[in-house]
Amino acid sequence: MPSYTPTPADRFTFGLWTVGNPGRDPFGEATRPALNAPYLVRKLAELGAYGVNLHDNDLVPIDASAAQRDAIVGEFKAALSDTGLVVPMATTNLFSDPAFKDGAFTSADARVRAYALHKTMHSMDLGAELGAQTYVLWGGREGTEVDAGGKLLDALAWFRDSLNYLAEYSEAQGYGYRFALEPKPNEPRADIFLPTVGSALGFITTLDQPDLFGLNPEFAHETMAGLSFPHAVAQAIDAGKLFHIDLNDQKMGRFDQDLRFGAENPKAAFFLVKLLEDTGYAGPKHFDAHALRTEDEAGVWAFARGCMRTYLILKEKAAQFAQDAEIQAAVAAYRVEDAELSALTGTFSPENAAALKARTFDRAALGARGPGLEALDQLTMELLLGVR
């Protein structure tokens, strides 16, 4: 049996806020002690992780002095150096502080918008110091509870101006960041701006430097609203905008659970892994999840091992899917090709259009054909259940 033991070559990453989560939720206090960042780095290295990501205040308390900040960052960098872990991504906490209760970049208060830029630039400095190349922007407080303030179009303009400003700052500093917007349809605002992959992709086209901006889709965020995460990721890949990805799991319609990857929706997780592997996604595979509140520290590391192990198991299943003769025969039968029609429909010309309009089609036969999806789906399930 394969060991499914991860190595840095697998490019698995965790956030300080994930393995460092003490089990607190909106209805209960922490259930396990907080763990410091250098310790988390060393434990992740022992498990075979590639890197660790952070919000600014995951590492440096918001009220730390300059001297305290430098000491904390120095200890963290020493742990990275000792273990070989890297920091591929950084982000800013623009959601916890009460100052951001009505938005950060989209606040109706110009002072809050300015503070959000101030905080983000300092966070970008920290990320660049640690070697981060991707900068994620999750607009958790960018939205409204009520629309009576009439700020919707203004808020989108403020959001756009802020992102343009940060892109210019990155270029001026020589950081070379790629920015990844993280959509989320539910929580914590009543209505969040840019809630889905599609809406974020549309917004990116309005920015001054759209090439610097892409997506950081998250499994739980799409799933909690009843959407298909593989479909969302495919749209990001198709647009050339999959800059980063957050892997976890979620029960549909619930609060943001950030469950262990593959814990609830193994078939969706399989098709996601297959999509990433088939398309050659080479970026970090980031587990934005945390151990159940029931767990002690041992449970935290069981959770982290489980996330990586499940991905590797599903990666092996994806390879088996590609090699299974019966499955591939069913896939081939499903995808009907016609070279003549492809020539007529692939490129428009007046001649192709005229020829296509002149064709006759057996509409009844097209409607009567069964594509075999029931059998193909069952074969997939048997593969996942280990009987193929």
# chains A, B, ... in the order shown; residues from 1 in each chain; ligands from 1
$ residues_around --residues "range 43-60 of chain A" --least-positions-apart "6" --cutoff "6 Å" --atoms "only C-alpha atoms" --output "list in words"
Pro6, Thr7, Pro8, Arg11, Phe12, Thr13, Phe14, Gly15, Leu16, Arg69, Leu85, Val86, Val87, Met89, Ala90, Thr91, Thr92, Asn93 and Ser123 of chain A
$ select_by_dssp --residues "range 153-212 of chain A" --states "strand (DSSP E or B)" --output "MDAnalysis selection string"
chainID A and resid 178:182 191:192
$ write_last_selection --atoms "C-alpha atoms" --output "short mmCIF file (atom, residue, chain, number, x, y, z; two decimals), in the first residue's frame"
data_model
loop_
_atom_site.label_atom_id
_atom_site.label_comp_id
_atom_site.auth_asym_id
_atom_site.auth_seq_id
_atom_site.Cartn_x
_atom_site.Cartn_y
_atom_site.Cartn_z
CA ARG A 178 0.10 38.71 -7.93
CA PHE A 179 -3.14 39.57 -6.17
CA ALA A 180 -5.79 36.89 -5.63
CA LEU A 181 -9.36 37.92 -4.79
CA GLU A 182 -11.20 35.45 -2.57
CA ASP A 191 -24.64 40.72 1.58
CA ILE A 192 -21.01 40.58 0.51
#
$ residues_around --residues "range 104-106 of chain A" --least-positions-apart "6" --cutoff "12 Å" --atoms "only C-alpha atoms" --output "number ranges by chain"
A: 92-98, 112-120, 137-144, 151-166, 192-194
$ atom_distance --atom1 "CA of Phe76 in chain A" --atom2 "CA of Leu130 in chain A"
9.2 Å
$ select_by_dssp --residues "range 166-367 of chain A" --states "helix (DSSP H, G or I)" --output "MDAnalysis selection string"
chainID A and resid 166:173 197:204 210:212 219:223 229:238 266:278 297:323 325:334 339:346 350:358 363:367
$ residues_around --residues "Tyr334 in chain A" --least-positions-apart "2" --cutoff "7 Å" --atoms "only C-alpha atoms" --output "PyMOL selection string"
chain A and resi 330-332+336+371-372
$ write_last_selection --atoms "N, CA, C and O atoms" --output "PDB file, in the first residue's frame"
ATOM      1  N   ALA A 330     -16.216   4.606 -21.576  1.00  0.00           N
ATOM      2  CA  ALA A 330     -17.471   5.308 -21.307  1.00  0.00           C
ATOM      3  C   ALA A 330     -17.325   6.805 -21.576  1.00  0.00           C
ATOM      4  O   ALA A 330     -18.239   7.446 -22.105  1.00  0.00           O
ATOM      5  N   VAL A 331     -16.175   7.373 -21.221  1.00  0.00           N
ATOM      6  CA  VAL A 331     -15.920   8.791 -21.498  1.00  0.00           C
ATOM      7  C   VAL A 331     -15.877   9.032 -23.005  1.00  0.00           C
ATOM      8  O   VAL A 331     -16.453  10.006 -23.520  1.00  0.00           O
ATOM      9  N   ALA A 332     -15.206   8.153 -23.727  1.00  0.00           N
ATOM     10  CA  ALA A 332     -15.111   8.297 -25.178  1.00  0.00           C
ATOM     11  C   ALA A 332     -16.484   8.198 -25.840  1.00  0.00           C
ATOM     12  O   ALA A 332     -16.778   8.934 -26.793  1.00  0.00           O
ATOM     13  N   VAL A 336     -19.167  12.674 -28.297  1.00  0.00           N
ATOM     14  CA  VAL A 336     -19.355  12.376 -29.715  1.00  0.00           C
ATOM     15  C   VAL A 336     -18.650  13.437 -30.556  1.00  0.00           C
ATOM     16  O   VAL A 336     -18.905  14.640 -30.393  1.00  0.00           O
ATOM     17  N   PRO A 371     -26.574   9.285 -23.166  1.00  0.00           N
ATOM     18  CA  PRO A 371     -25.114   9.471 -23.144  1.00  0.00           C
ATOM     19  C   PRO A 371     -24.369   8.552 -22.186  1.00  0.00           C
ATOM     20  O   PRO A 371     -23.140   8.579 -22.146  1.00  0.00           O
ATOM     21  N   GLY A 372     -25.075   7.770 -21.381  1.00  0.00           N
ATOM     22  CA  GLY A 372     -24.396   6.813 -20.505  1.00  0.00           C
ATOM     23  C   GLY A 372     -23.840   7.389 -19.227  1.00  0.00           C
ATOM     24  O   GLY A 372     -22.931   6.807 -18.624  1.00  0.00           O
TER      25      GLY A 372
END
$ atom_distance --atom1 "CA of Ala66 in chain A" --atom2 "CA of Leu126 in chain A"
12.4 Å
$ residues_around --residues "Tyr4 in chain A" --least-positions-apart "2" --cutoff "9 Å" --atoms "only C-alpha atoms" --output "list in words"
Met1, Pro2, Pro6, Met308, Arg309, Thr310, Tyr311, Leu312 and Ile313 of chain A
$ write_last_selection --atoms "C-alpha atoms" --output "PDB file, in the first residue's frame"
ATOM      1  CA  MET A   1       0.000   0.000   0.000  1.00  0.00           C
ATOM      2  CA  PRO A   2       1.292   3.512  -0.768  1.00  0.00           C
ATOM      3  CA  PRO A   6       3.542  14.282   1.757  1.00  0.00           C
ATOM      4  CA  MET A 308      -2.591  16.132   2.843  1.00  0.00           C
ATOM      5  CA  ARG A 309      -3.169  12.384   2.866  1.00  0.00           C
ATOM      6  CA  THR A 310      -6.639  12.740   1.356  1.00  0.00           C
ATOM      7  CA  TYR A 311      -5.317  14.910  -1.464  1.00  0.00           C
ATOM      8  CA  LEU A 312      -2.625  12.337  -2.281  1.00  0.00           C
ATOM      9  CA  ILE A 313      -5.148   9.487  -2.203  1.00  0.00           C
TER      10      ILE A 313
END
$ atom_distance --atom1 "CA of Glu75 in chain A" --atom2 "CA of Pro38 in chain A"
6.8 Å
$ residues_around --residues "Phe261 in chain A" --least-positions-apart "6" --cutoff "10 Å" --atoms "only C-alpha atoms" --output "number ranges by chain"
A: 219-220, 246-250, 269, 287-290, 303-304, 306-311
$ write_last_selection --atoms "C-alpha atoms" --output "mmCIF file, in the first residue's frame"
data_model
loop_
_atom_site.group_PDB
_atom_site.id
_atom_site.type_symbol
_atom_site.label_atom_id
_atom_site.label_comp_id
_atom_site.auth_asym_id
_atom_site.auth_seq_id
_atom_site.Cartn_x
_atom_site.Cartn_y
_atom_site.Cartn_z
ATOM 1 C CA PHE A 219 -14.080 24.935 -1.483
ATOM 2 C CA ALA A 220 -16.257 25.857 1.505
ATOM 3 C CA ASP A 246 -8.055 27.183 -0.620
ATOM 4 C CA LEU A 247 -8.858 23.541 0.082
ATOM 5 C CA ASN A 248 -11.230 22.449 2.848
ATOM 6 C CA ASP A 249 -14.749 21.025 3.062
ATOM 7 C CA GLN A 250 -18.217 22.123 4.005
ATOM 8 C CA ALA A 269 -13.001 16.704 -3.837
ATOM 9 C CA PHE A 287 -5.555 24.043 3.330
ATOM 10 C CA ASP A 288 -7.717 26.843 4.723
ATOM 11 C CA ALA A 289 -9.309 24.621 7.330
ATOM 12 C CA HIS A 290 -8.938 23.733 10.987
ATOM 13 C CA PHE A 303 -6.278 16.978 10.953
ATOM 14 C CA ALA A 304 -3.277 18.420 9.097
ATOM 15 C CA GLY A 306 -5.489 14.013 6.997
ATOM 16 C CA CYS A 307 -5.825 16.992 4.645
ATOM 17 C CA MET A 308 -2.591 16.132 2.843
ATOM 18 C CA ARG A 309 -3.169 12.384 2.866
ATOM 19 C CA THR A 310 -6.639 12.740 1.356
ATOM 20 C CA TYR A 311 -5.317 14.910 -1.464
#
$ closest_residue --among "A:Asp278, A:Glu187, A:Asp296, A:Gln68" --to "Lys315 in chain A" --atoms "only C-alpha atoms"
A:Asp278
$ closest_residue --among "A:Ile62, A:Ala148, A:Ala354, A:Ile245" --to "Ala282 in chain A" --atoms "only C-alpha atoms"
A:Ile245
$ residues_around --residues "range 230-238 of chain A" --least-positions-apart "5" --cutoff "7 Å" --atoms "only C-alpha atoms" --output "number ranges by chain"
A: 197, 215, 217, 268, 271-272
$ closest_residue --among "A:Val387, A:Ala190, A:Ala291, A:Leu227" --to "Gly103 in chain A" --atoms "only C-alpha atoms"
A:Ala190
